[in-house]
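Q: I am sharing final_18.tsv, which consists of TSV, C-alpha atoms:
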chain	number	residue	atom	x	y	z
A	1064	MET	CA	0.00	0.00	0.00
A	1065	THR	CA	1.36	3.39	-1.01
A	1066	ILE	CA	1.47	6.16	1.56
A	1067	SER	CA	0.72	9.65	0.24
A	1068	PHE	CA	3.78	11.77	-0.39
A	1069	ASP	CA	2.71	14.40	2.17
A	1070	ASP	CA	2.11	11.75	4.84
A	1071	ALA	CA	5.54	10.29	4.14
A	1072	LEU	CA	7.46	13.60	4.14
A	1073	LEU	CA	5.87	16.19	6.42
A	1074	GLY	CA	6.96	16.40	10.04
A	1075	HIS	CA	9.84	16.80	12.47
A	1076	TRP	CA	12.56	14.17	12.08
A	1077	THR	CA	15.63	13.13	14.10
A	1078	ASN	CA	18.52	10.70	13.71
A	1079	ARG	CA	19.19	10.86	17.47
A	1080	TYR	CA	19.26	7.08	17.91
A	1081	GLN	CA	21.73	6.59	15.06
A	1082	ALA	CA	23.96	9.44	16.30
A	1083	GLN	CA	23.94	8.12	19.88
A	1084	SER	CA	24.89	4.61	18.77
A	1085	ASN	CA	27.67	5.89	16.46
A	1086	PRO	CA	28.69	9.42	17.59
A	1087	LEU	CA	31.90	9.45	15.55
A	1088	GLY	CA	30.08	8.41	12.39
A	1089	PHE	CA	26.95	10.59	12.51
A	1090	ALA	CA	26.14	14.07	13.77
A	1091	SER	CA	22.83	14.46	15.60
A	1092	VAL	CA	20.62	16.20	13.02
A	1093	GLU	CA	16.98	17.23	12.87
A	1094	LEU	CA	14.85	17.94	9.82
A	1095	GLU	CA	11.58	19.80	9.57
A	1096	TRP	CA	9.34	19.53	6.52
A	1097	SER	CA	6.15	21.61	6.42
A	1098	ILE	CA	3.75	23.29	3.98
A	1099	ASP	CA	3.42	27.06	3.66
A	1100	TYR	CA	-0.03	28.09	2.38
A	1101	SER	CA	0.61	31.87	2.65
A	1102	ASP	CA	1.08	32.31	-1.12
A	1103	VAL	CA	-2.40	32.10	-2.68
A	1104	ASP	CA	-0.92	31.22	-6.09
A	1105	GLN	CA	1.49	28.48	-5.03
A	1106	ILE	CA	1.75	25.92	-2.24
A	1107	TRP	CA	5.33	25.85	-0.96
A	1108	TYR	CA	6.96	23.03	0.94
A	1109	LYS	CA	9.55	24.27	3.44
A	1110	SER	CA	12.57	22.37	4.71
A	1111	LYS	CA	15.01	23.07	7.50
A	1112	ASN	CA	18.05	20.96	8.46
A	1113	TYR	CA	19.96	21.72	11.65
A	1114	TYR	CA	22.31	20.17	14.15
A	1115	ARG	CA	20.38	19.26	17.28
A	1116	LYS	CA	22.89	21.04	19.54
A	1117	GLU	CA	22.51	24.32	17.57
A	1118	GLY	CA	18.71	24.24	17.32
A	1119	PRO	CA	16.13	25.23	14.70
A	1120	ASN	CA	17.07	28.93	14.65
A	1121	LYS	CA	20.49	28.11	13.19
A	1122	PRO	CA	19.88	25.75	10.24
A	1123	TYR	CA	22.78	24.68	8.09
A	1124	ARG	CA	20.36	24.29	5.16
A	1125	SER	CA	16.84	25.51	4.54
A	1126	GLY	CA	14.74	26.00	1.48
A	1127	ARG	CA	11.43	26.21	-0.28
A	1128	HIS	CA	10.16	23.66	-2.73
A	1129	LYS	CA	7.44	23.40	-5.39
A	1130	MET	CA	5.95	20.02	-6.12
A	1131	SER	CA	4.78	19.07	-9.60
A	1132	LEU	CA	2.90	15.84	-10.22
A	1133	ILE	CA	4.43	14.05	-13.18
A	1134	ARG	CA	2.09	11.07	-12.96
A	1135	GLY	CA	0.35	9.33	-10.08
A	1136	ASP	CA	3.51	7.65	-8.83
A	1137	SER	CA	6.10	10.42	-9.30
A	1138	PHE	CA	6.73	14.05	-8.36
A	1139	LEU	CA	9.32	16.64	-9.29
A	1140	MET	CA	10.43	18.71	-6.30
A	1141	GLU	CA	11.78	22.05	-7.52
A	1142	ASN	CA	14.41	23.45	-5.15
A	1143	TYR	CA	14.62	27.15	-4.15
A	1144	SER	CA	16.51	29.10	-1.50
A	1145	GLU	CA	14.61	30.92	1.26
A	1146	ASP	CA	14.61	34.14	-0.81
A	1147	GLY	CA	12.95	32.36	-3.76
A	1148	THR	CA	16.08	32.01	-5.92
A	1149	LYS	CA	15.99	28.80	-7.97
A	1150	ARG	CA	18.79	26.37	-7.10
A	1151	GLN	CA	19.80	25.35	-10.61
A	1152	GLY	CA	20.25	21.62	-11.18
A	1153	CYS	CA	19.04	20.77	-7.66
A	1154	ASP	CA	15.50	19.54	-8.36
A	1155	MET	CA	14.67	16.04	-7.12
A	1156	LEU	CA	12.55	13.38	-8.76
A	1157	PHE	CA	10.53	11.24	-6.32
A	1158	VAL	CA	9.07	7.94	-7.49
A	1159	ASP	CA	6.85	5.46	-5.65
A	1160	ILE	CA	8.79	2.19	-5.56
A	1161	ASN	CA	6.95	-0.69	-3.87
A	1162	GLY	CA	5.08	1.57	-1.41
A	1163	ARG	CA	7.96	3.88	-0.48
A	1164	TRP	CA	8.98	7.21	-2.02
A	1165	GLU	CA	12.51	7.38	-3.37
A	1166	GLY	CA	14.09	10.63	-4.54
A	1167	ARG	CA	17.30	11.54	-6.37
A	1168	LEU	CA	18.57	14.66	-8.05
A	1169	PHE	CA	16.89	14.96	-11.43
A	1170	ALA	CA	20.03	16.29	-13.15
A	1171	GLU	CA	22.82	14.37	-11.38
A	1172	GLY	CA	26.09	16.33	-11.40
A	1173	GLN	CA	24.41	19.69	-12.10
A	1174	CYS	CA	23.70	20.83	-8.51
A	1175	ILE	CA	26.58	22.97	-7.17
A	1176	CYS	CA	26.49	24.24	-3.57
A	1177	ASN	CA	27.83	27.60	-2.36
A	1178	CYS	CA	31.17	25.99	-1.45
A	1179	GLY	CA	31.64	24.89	-5.08
A	1180	ALA	CA	31.09	21.19	-4.41
A	1181	ILE	CA	29.05	19.02	-6.77
A	1182	VAL	CA	26.05	17.74	-4.80
A	1183	SER	CA	24.44	14.33	-4.90
A	1184	SER	CA	21.37	13.51	-2.89
A	1185	HIS	CA	19.29	10.40	-2.28
A	1186	MET	CA	16.22	10.26	-0.02
A	1187	ILE	CA	13.92	7.35	0.82
A	1188	LEU	CA	10.62	7.83	2.68
A	1189	TYR	CA	9.22	4.76	4.44
A	1190	GLY	CA	6.27	6.21	6.35
A	1191	ASP	CA	7.70	7.03	9.78
A	1192	LYS	CA	11.30	6.62	8.59
A	1193	LEU	CA	13.30	8.92	6.33
A	1194	HIS	CA	16.73	7.91	5.08
A	1195	SER	CA	18.91	10.54	3.44
A	1196	ALA	CA	22.41	10.57	1.97
A	1197	ASP	CA	23.83	13.88	0.76
A	1198	GLN	CA	27.36	14.47	-0.43
A	1199	GLY	CA	29.43	17.30	-1.82
A	1200	ARG	CA	32.43	16.35	-3.96
A	1201	ASP	CA	35.15	18.44	-5.57
A	1202	LYS	CA	35.87	18.25	-9.31
A	1203	GLU	CA	38.24	15.34	-8.72
A	1204	GLY	CA	35.50	13.36	-6.96
A	1205	ASN	CA	36.87	13.72	-3.41
A	1206	LEU	CA	34.29	13.90	-0.63
A	1207	VAL	CA	34.22	17.49	0.71
A	1208	TRP	CA	31.18	17.12	3.01
A	1209	GLY	CA	28.53	14.55	3.79
A	1210	THR	CA	28.82	10.80	3.91
A	1211	ASP	CA	28.38	7.78	1.67
A	1212	HIS	CA	26.09	6.28	4.33
A	1213	PHE	CA	22.43	7.03	4.91
A	1214	TYR	CA	21.37	9.20	7.82
A	1215	GLU	CA	18.44	7.31	9.33
A	1216	PHE	CA	15.69	9.54	10.68
A	1217	THR	CA	12.59	8.70	12.68
A	1218	ARG	CA	9.61	11.01	12.95
A	1219	LEU	CA	9.15	12.99	16.18
A	1220	ALA	CA	5.92	14.69	15.07
A	1221	LYS	CA	3.66	14.83	12.01
A	1222	TYR	CA	2.76	18.20	10.50
Mind converting the file's structure to structure tokens?
A:
Amino acid sequence: MTISFDDALLGHWTNRYQAQSNPLGFASVELEWSIDYSDVDQIWYKSKNYYRKEGPNKPYRSGRHKMSLIRGDSFLMENYSEDGTKRQGCDMLFVDINGRWEGRLFAEGQCICNCGAIVSSHMILYGDKLHSADQGRDKEGNLVWGTDHFYEFTRLAKY
């Protein structure tokens, strides 16, 4: 049975259990995904990623996102900064695969972060679990930030 995309994504997430069991391998991170209905012309999804110790007022990444239905089992998530600037090459395609939503960058190798690193991103939504692996690599392919392993989040609250 497929869970709706909103039910799978929206909420407050933590990887606290993973970080506590492997503190050298994983930082303690929290994610918040919500919907902003304030724009009458467009529904915006909002995301905020922050280290638990620094709190939600000091995110290391935040953004706004537009969702476009491609067909019943796939969505394109357009990626924008907080000020509404489009993040070129950073849109993600989410597809329903056997009852879970799996997302990857639509144009792999085209998303460049502020530090100049080439970004790759992979997210899997399993209902009350969210697994995410994000990396930034230099032009030679060396890992600049992130990890090759999934951060494993559990939901603290549904929005």
Q: Report, in Å with one decimal, the straight-line distance from CA of Tyr1143 in chain A to CA of Asp1069 in chain A.
A: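 Going from CA of Tyr1143 in chain A over to CA of Asp1069 in chain A, I get 18.6 Å.
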Q: So that I can see what lies close to Val1207 in chain A, please list as a count of residues only the residues with an atom at most 12 Å from it, counting all atoms listed in the file and leaving out residues fewer than 2 positions away in the same chain.
A: 19
Q: So, counting only C-alpha atoms, which residue among A:Leu1156, A:Ile1106, A:Ala1071, A:Leu1188 is closest to Ile1133 in chain A?
A: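 Among the listed residues, A:Leu1156 lies closest to Ile1133 in chain A.
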Q: Which one is closest to Arg1124 in chain A: A:Ser1091, A:Asn1161, A:Asn1085, A:Asn1177? Count all atoms listed in the file.
A: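 Of all the options, A:Asn1177 lies closest to Arg1124 in chain A.
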Q: Can you tell me which residues surround Asp1154 in chain A at a distance of at most 7 Å, considering only C-alpha atoms, apart from same-chain residues fewer than 4 positions away, and format the answer as an NGL selection string?
A: :A and (1139-1142 or 1168-1169)
Q: As an exercise, work out the distance from CA of Trp1076 in chain A to CA of Tyr1114 in chain A in Å and give it to one decimal place.
A: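 Separating CA of Trp1076 in chain A from CA of Tyr1114 in chain A is a distance of 11.6 Å.
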Q: Here is a test: counting only C-alpha atoms, which residue of A:Val1103, A:Ala1170, A:Met1130, A:Val1092 is nearest to Arg1115 in chain A?
A: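 Residue with the minimum atom-to-atom distance to Arg1115 in chain A: A:Val1092.
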